[in-house]
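Shown next, in structure tokens, is the structure this report addresses.
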There are 2 protein chains.
Amino acid sequence: MSQAGNGSRVGPGATMAEVAARAGVTKMTVSRVLRHPEKVTPLTRQRVTEAIAALAYVPNRLAGGLTSGASGLVAAIVPTLRHSLFADTLEGVSDVIAAAGLGLIVSSSGYKTDVEESQVRSILERRPDALVLTGLTHTADTRTLLRGFGLPVVETWETGDEPIDMVVGYSNRAAAAAMTAELIGAGYRRILFVNGPSRNNERARHRAEGYRAAMRQAGLDPLPVQVVRDEAAIRLETGARVLRAVHAEQPEVDALFFTSDVFAVGAVLESRKLGIKVPEALGVAGFHDLEIGRVVSPSLTTVQIPALEIGRKAGALLLDRLAGRAVAPSA
Amino acid sequence: MSQAGNGSRVGPGATMAEVAARAGVTKMTVSRVLRHPEKVTPLTRQRVTEAIAALAYVPNRLAGGLTSGASGLVAAIVPTLRHSLFADTLEGVSDVIAAAGLGLIVSSSGYKTDVEESQVRSILERRPDALVLTGLTHTADTRTLLRGFGLPVVETWETGDEPIDMVVGYSNRAAAAAMTAELIGAGYRRILFVNGPSRNNERARHRAEGYRAAMRQAGLDPLPVQVVRDEAAIRLETGARVLRAVHAEQPEVDALFFTSDVFAVGAVLESRKLGIKVPEALGVAGFHDLEIGRVVSPSLTTVQIPALEIGRKAGALLLDRLAGRAVAPSA
DNA sequence: ATCTTTGATGTTACCGGTATCCTAGATTTC
DNA sequence: GAAATCTAGGATACCGGTAACATCAAAGAT
């Protein structure tokens with residue numbers, strides 16, 4: 001599957017000093033040509049430009065950053081890249097900051113806060129200009145470290161008190177409550193909330209809370225939240241299984257609200273097999289949090305999650321802060 | 001959705017010189033404590049360690065890298081992060097290189113080679129120790145630039161002649177051919193290959209070639225490849241639409257081979273509605289290239305794509321090269 | 001025609017580390 | 001007990017740039 005090339009190393013390219021020598025000027029002039037071209041005579045500029053081209057010179061931003069104190073890097077830590085939610089967020093961040101000439105450095109923590117902490121330490125050694133974190137749950141040391149470092153930090157996906165610095169949140173609680181209210185408004189009454197494994201998953205817990213709150217608000221008794229335990233069970237078949245079980249054992253249930261739309265799709269699929277009409281006889285709703293959410297047919301009621309948007313917003317927030325603009329708390 | 005914190009900047013942390021002063025030693029000794037602790041007396045080491053803790057000192061790797069010539073960064077360019085194929089690959093790369101203390105810097109090119117070229121230029125300014133690219137299709141300047149720079153480069157996802165340096169490939173052609181052969185082996189004869197939009201998409205083209213080759217090999221006439229044009233049409237409904245059309249207009253077709261498993265899932269779904277038995281009356285196959293592929297039910301014949309594995313392999317290849325180990329061409 | 005200003009470039013120092021060489025005291029060797 | 005060897009730590013230079021200031025010639029002011 002892999003093959004090796006000849007591996008001829010030429011070594012790193014020319015340095016600014018070499019360019020300067022070739023153009024018969026000093027490093028400083030070369031630096032000016034690159035950074036403030038208008039301060040250099042067209043003639044000189046051309047000589048330098050030619051030397052740059054001739055030597056295929058690529059400036060070393062690390063060196064420049066040492067002096068200027070800005071690395072031009074934004075770091076982001078996500079629980080995993082294998083979840084479109086986070087990948088989309090990163091794409092959003094990347095889009096925005098790349099346009100400003102900043103680079104994105106990424107690591108994934110595997111949902112573990114202690115891993116995240118060690119990654120934060122390691123990342124700080126690279127002196128990023130800003131940091132994007134996922135969630136508000138971090139170790140105490142992480143928070144202390146970051147606060148002390150005075151680095152612009154954006155936490156994403158959750159809202160709450162005492163953020164480290166800035167937050168671009170998404171209230172799972174509110175979204176689940178809204179979805180539940182929508183189902184109630186559509187006439188469903190016995191709504192069963194089906195959660196994925198909520199270990200290490202604040203999201204799932206908040207969603208369940210939103211469901212309960214909305215039910216109570218409407219004067220309905222929340223049904224016991226059903227939990228799918230097996231971590232590996234995020235599959236269509238699992239949704240199908242839940243549907244079969246509910247159909248057999250809790251026939252009074254008239255709507256299913258899944259945390260993962262994978263389950264929801266699986267359930268919809270299975271409902272056709274069993275001859276249950278969706279959404280007439282049974283409502284099925286889900287959170288659009290996987291890539292599948294972008295492709296799913298409309299027979300399913302879904303909660304849209306603006307992952308890309310959250311990333312963009314986080315990026316924009318950081319850029320504002322880096323530009324020294326006041327960052328206004330916004331919706 | 002977003003909120004701002006108090007934004008108290010403390011400024012960057014202490015420098016090595018400050019730590020040294022506090023511990024009553026020189027920078028050099030501090031550097032030794034961090035890098036070669038065994039070369040320092042336990043007593044001195046402790047004093048330095050205490051000073052480091054007291055000042056919350058975080059070493060600056062950029063500065064160190066300037067001297068040592070290694071940035072400790074691997075850069076990767078993918079067409080987009082919004083595709084689990086590439087996100088998974090990145091996760092694989094990240095896993096492997098993070099374990100070796102390297103960071104991953106990511107950018108997405110939007111499938112445009114000229115954008116990729118400018119990103120390569122910009123990335124080279126950060127002097128990564130290695131680069132991971134997607135595909136073998138790059139601008140001539142990109143190739144020249146990278147060859148000249150003598151940077152270890154791994155191209156992923158495609159195999160072919162004249163790689164820039166190293167390749168971790170995946171032959172879409174071979175995979176499609178194998179899948180087609182499998183369908184033929186299962187008794188299907190009138191196999192229709194349904195391609196996604198192949199603009200900017202070598203993958204789709206190679207898969208179609210594989211299909212044709214396998215058909216001919218078996219002495220069958222390949223059917224004209226059907227192409228789904230609309231870029232936005234990567235939805236379940238599209239697969240359903242194709243199934244309906246084929247059912248009505250090309251009843252002789254006994255198997256559908258989709259490039260995207262999203263279509264395949266949509267088709268399977270629709271087949272249940274129409275009362276077509278899968279896989280008895282109709283074979284449906286797809287490429288497992290979206291996240292959905294990890295959750296899909298087994299009634300679908302699918303081509304597994306080892307995205308994570310490809311990333312891991314790329315990372316391992318780079319590490320080998322960086323460690324100065326000979327890189328053997330391998331399967 | 002002399003004194004200022006202005007603009008283009010050069011000089012110097014420094015960013016925060018590390019490689020390399022050097023020194024002085026401790027330890028070993030004969 | 002003197003010479004040889006080690007060892008811990010210091011001194012210096014340098015990585016590849018950039019900020020800040022100095023310089024000098026051309027241009028403008030009086």
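Following the order of the structure tokens, chains are lettered A, B, ..., residues in each are numbered from 1, and ligands are numbered from 1.
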
- Message: When you look at C:DT4 with a cut-off of 12 Å (counting only C-alpha atoms (C1' of nucleotides)), what residues show up, excluding the ones that are within fewer than 4 positions of it in the same chain? I need them as JSON, numbers by chain.
- Response: {"D": [27, 28, 29, 30]}

- 6 Å contact set for stretch 183-191 of chain A, only C-alpha atoms (C1' of nucleotides), chain neighbours under 4 positions out, as a ChimeraX atom specification: /A:253-256

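With only C-alpha atoms (C1' of nucleotides) taken into account, the protein and nucleic acid residues at most 6 Å from stretch 9-23 of chain C (excluding it and anything under 2 positions from it in its own chain) are Leu66 and Thr67 of chain A; Ala63, Gly64 and Thr67 of chain B.
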
- Query: Tell me, which residues of stretch 183-284 of chain B carry DSSP helix (DSSP H, G or I), written as a PyMOL selection string?
  - Reply: chain B and resi 183-185+202-217+231-233+236-249+261-274

Would you save the residues of that selection, restricted to C-alpha atoms, as a PDB file, in the first residue's frame?
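Result saved to result.pdb:
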```pdb
ATOM      1  CA  LEU B 183     -20.792  -9.030  -7.388  1.00  0.00           C
ATOM      2  CA  ILE B 184     -20.197 -11.059 -10.512  1.00  0.00           C
ATOM      3  CA  GLY B 185     -19.135 -13.971  -8.367  1.00  0.00           C
ATOM      4  CA  GLU B 202     -10.067  11.306  -9.456  1.00  0.00           C
ATOM      5  CA  ARG B 203     -11.419   8.795  -7.059  1.00  0.00           C
ATOM      6  CA  ALA B 204     -14.732   8.485  -8.825  1.00  0.00           C
ATOM      7  CA  ARG B 205     -13.044   8.153 -12.183  1.00  0.00           C
ATOM      8  CA  HIS B 206     -10.682   5.439 -11.005  1.00  0.00           C
ATOM      9  CA  ARG B 207     -13.537   3.527  -9.476  1.00  0.00           C
ATOM     10  CA  ALA B 208     -15.447   3.626 -12.735  1.00  0.00           C
ATOM     11  CA  GLU B 209     -12.378   2.312 -14.530  1.00  0.00           C
ATOM     12  CA  GLY B 210     -12.103  -0.525 -12.072  1.00  0.00           C
ATOM     13  CA  TYR B 211     -15.708  -1.403 -12.634  1.00  0.00           C
ATOM     14  CA  ARG B 212     -15.297  -1.504 -16.397  1.00  0.00           C
ATOM     15  CA  ALA B 213     -12.124  -3.518 -16.242  1.00  0.00           C
ATOM     16  CA  ALA B 214     -13.687  -6.127 -13.966  1.00  0.00           C
ATOM     17  CA  MET B 215     -16.748  -6.431 -16.172  1.00  0.00           C
ATOM     18  CA  ARG B 216     -14.686  -6.941 -19.287  1.00  0.00           C
ATOM     19  CA  GLN B 217     -12.456  -9.368 -17.494  1.00  0.00           C
ATOM     20  CA  GLU B 231     -22.824  18.275  -6.360  1.00  0.00           C
ATOM     21  CA  ALA B 232     -25.282  18.835  -3.575  1.00  0.00           C
ATOM     22  CA  ALA B 233     -27.008  15.568  -4.257  1.00  0.00           C
ATOM     23  CA  LEU B 236     -30.052   9.321   0.745  1.00  0.00           C
ATOM     24  CA  GLU B 237     -32.874  10.586  -1.417  1.00  0.00           C
ATOM     25  CA  THR B 238     -30.602  10.640  -4.430  1.00  0.00           C
ATOM     26  CA  GLY B 239     -29.909   6.946  -4.078  1.00  0.00           C
ATOM     27  CA  ALA B 240     -33.618   6.361  -3.745  1.00  0.00           C
ATOM     28  CA  ARG B 241     -34.249   8.381  -6.885  1.00  0.00           C
ATOM     29  CA  VAL B 242     -31.718   6.389  -8.844  1.00  0.00           C
ATOM     30  CA  LEU B 243     -33.294   3.164  -7.666  1.00  0.00           C
ATOM     31  CA  ARG B 244     -36.749   4.249  -8.739  1.00  0.00           C
ATOM     32  CA  ALA B 245     -35.499   5.336 -12.136  1.00  0.00           C
ATOM     33  CA  VAL B 246     -33.589   2.148 -12.710  1.00  0.00           C
ATOM     34  CA  HIS B 247     -36.504   0.052 -11.533  1.00  0.00           C
ATOM     35  CA  ALA B 248     -38.773   1.783 -14.022  1.00  0.00           C
ATOM     36  CA  GLU B 249     -36.472   2.218 -16.987  1.00  0.00           C
ATOM     37  CA  ASP B 261     -22.559   4.519   0.305  1.00  0.00           C
ATOM     38  CA  VAL B 262     -24.941   7.320   1.047  1.00  0.00           C
ATOM     39  CA  PHE B 263     -26.583   6.570  -2.261  1.00  0.00           C
ATOM     40  CA  ALA B 264     -26.404   2.882  -1.544  1.00  0.00           C
ATOM     41  CA  VAL B 265     -28.137   3.273   1.796  1.00  0.00           C
ATOM     42  CA  GLY B 266     -30.784   5.449   0.186  1.00  0.00           C
ATOM     43  CA  ALA B 267     -31.336   2.814  -2.454  1.00  0.00           C
ATOM     44  CA  VAL B 268     -31.613   0.008   0.081  1.00  0.00           C
ATOM     45  CA  LEU B 269     -34.125   2.068   1.996  1.00  0.00           C
ATOM     46  CA  GLU B 270     -36.174   2.723  -1.102  1.00  0.00           C
ATOM     47  CA  SER B 271     -36.013  -0.892  -2.168  1.00  0.00           C
ATOM     48  CA  ARG B 272     -37.920  -1.881   0.944  1.00  0.00           C
ATOM     49  CA  LYS B 273     -40.630   0.564   0.062  1.00  0.00           C
ATOM     50  CA  LEU B 274     -40.899  -0.803  -3.471  1.00  0.00           C
TER      51      LEU B 274
END
```

- Distance-based interface of chain D with chain B, 9 Å, counting only C-alpha atoms (C1' of nucleotides), as a VMD selection string: chain D and resid 7 to 10 14 to 16

How about saving the chosen residues, C-alpha atoms (C1' of nucleotides) kept, as a CSV table (one decimal), in the first residue's frame?
```
chain,number,residue,atom,x,y,z
D,7,DT,C1',32.5,16.1,35.8
D,8,DA,C1',29.3,19.9,36.6
D,9,DG,C1',28.4,24.0,35.1
D,10,DG,C1',29.7,28.4,32.8
D,14,DC,C1',24.7,31.3,16.7
D,15,DC,C1',19.9,29.7,14.7
D,16,DG,C1',17.0,33.3,11.1
```

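With atom CA of A:Glu280 on one side and atom CA of A:Gln226 on the other, the separation reads 22.5 Å.
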
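Shell of A:Gly110 at 12 Å, with only C-alpha atoms (C1' of nucleotides) counted and residues fewer than 5 places along the chain excluded, is Ile77, Val78, Pro79, Thr80, Leu81, Arg82, His83, Phe86, Val115, Glu116, Glu117, Gln119, Thr134, Asn200 and Asn201 of chain A; Glu91, Ser94 and Asp95 of chain B.
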
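Using only C-alpha atoms for every distance, the candidate list A:Gly92, A:Gly135, A:Pro42, A:Gly13 yields A:Gly13 as the residue closest to chain B.
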
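Restricting the calculation to only C-alpha atoms, the smallest distance between chain A and any of B:His138, B:Ala53, B:Pro163, B:Leu131 is found for B:Pro163.
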
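If you look at atom CA of A:His288 and atom CA of B:Ser107, they are 25.0 Å away from each other.
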
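Atom CA of A:Ala177 lies 14.1 Å from atom CA of A:Asn195.
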
- Could you give me, as a PyMOL selection string, the residues within 12 Å of B:Val168, counting only C-alpha atoms (C1' of nucleotides) and dropping anything in the same chain fewer than 3 positions from it? (chain A and resi 1-5) or (chain B and resi 89+93+132-136+153-160+163-165+171+306-318+329-331)

- Nearest to chain B, restricted to only C-alpha atoms and choosing among A:Leu319, A:Val303, A:Ala100, A:Met166, comes out as A:Met166

- Task: Might you pull out every residue within 7 Å of A:Gly196, with only C-alpha atoms (C1' of nucleotides) counted and same-chain residues fewer than 6 positions away left off, and present them as a list in words?
- Result: Ala204, Val227, Val228, Arg229 and Thr259 of chain A
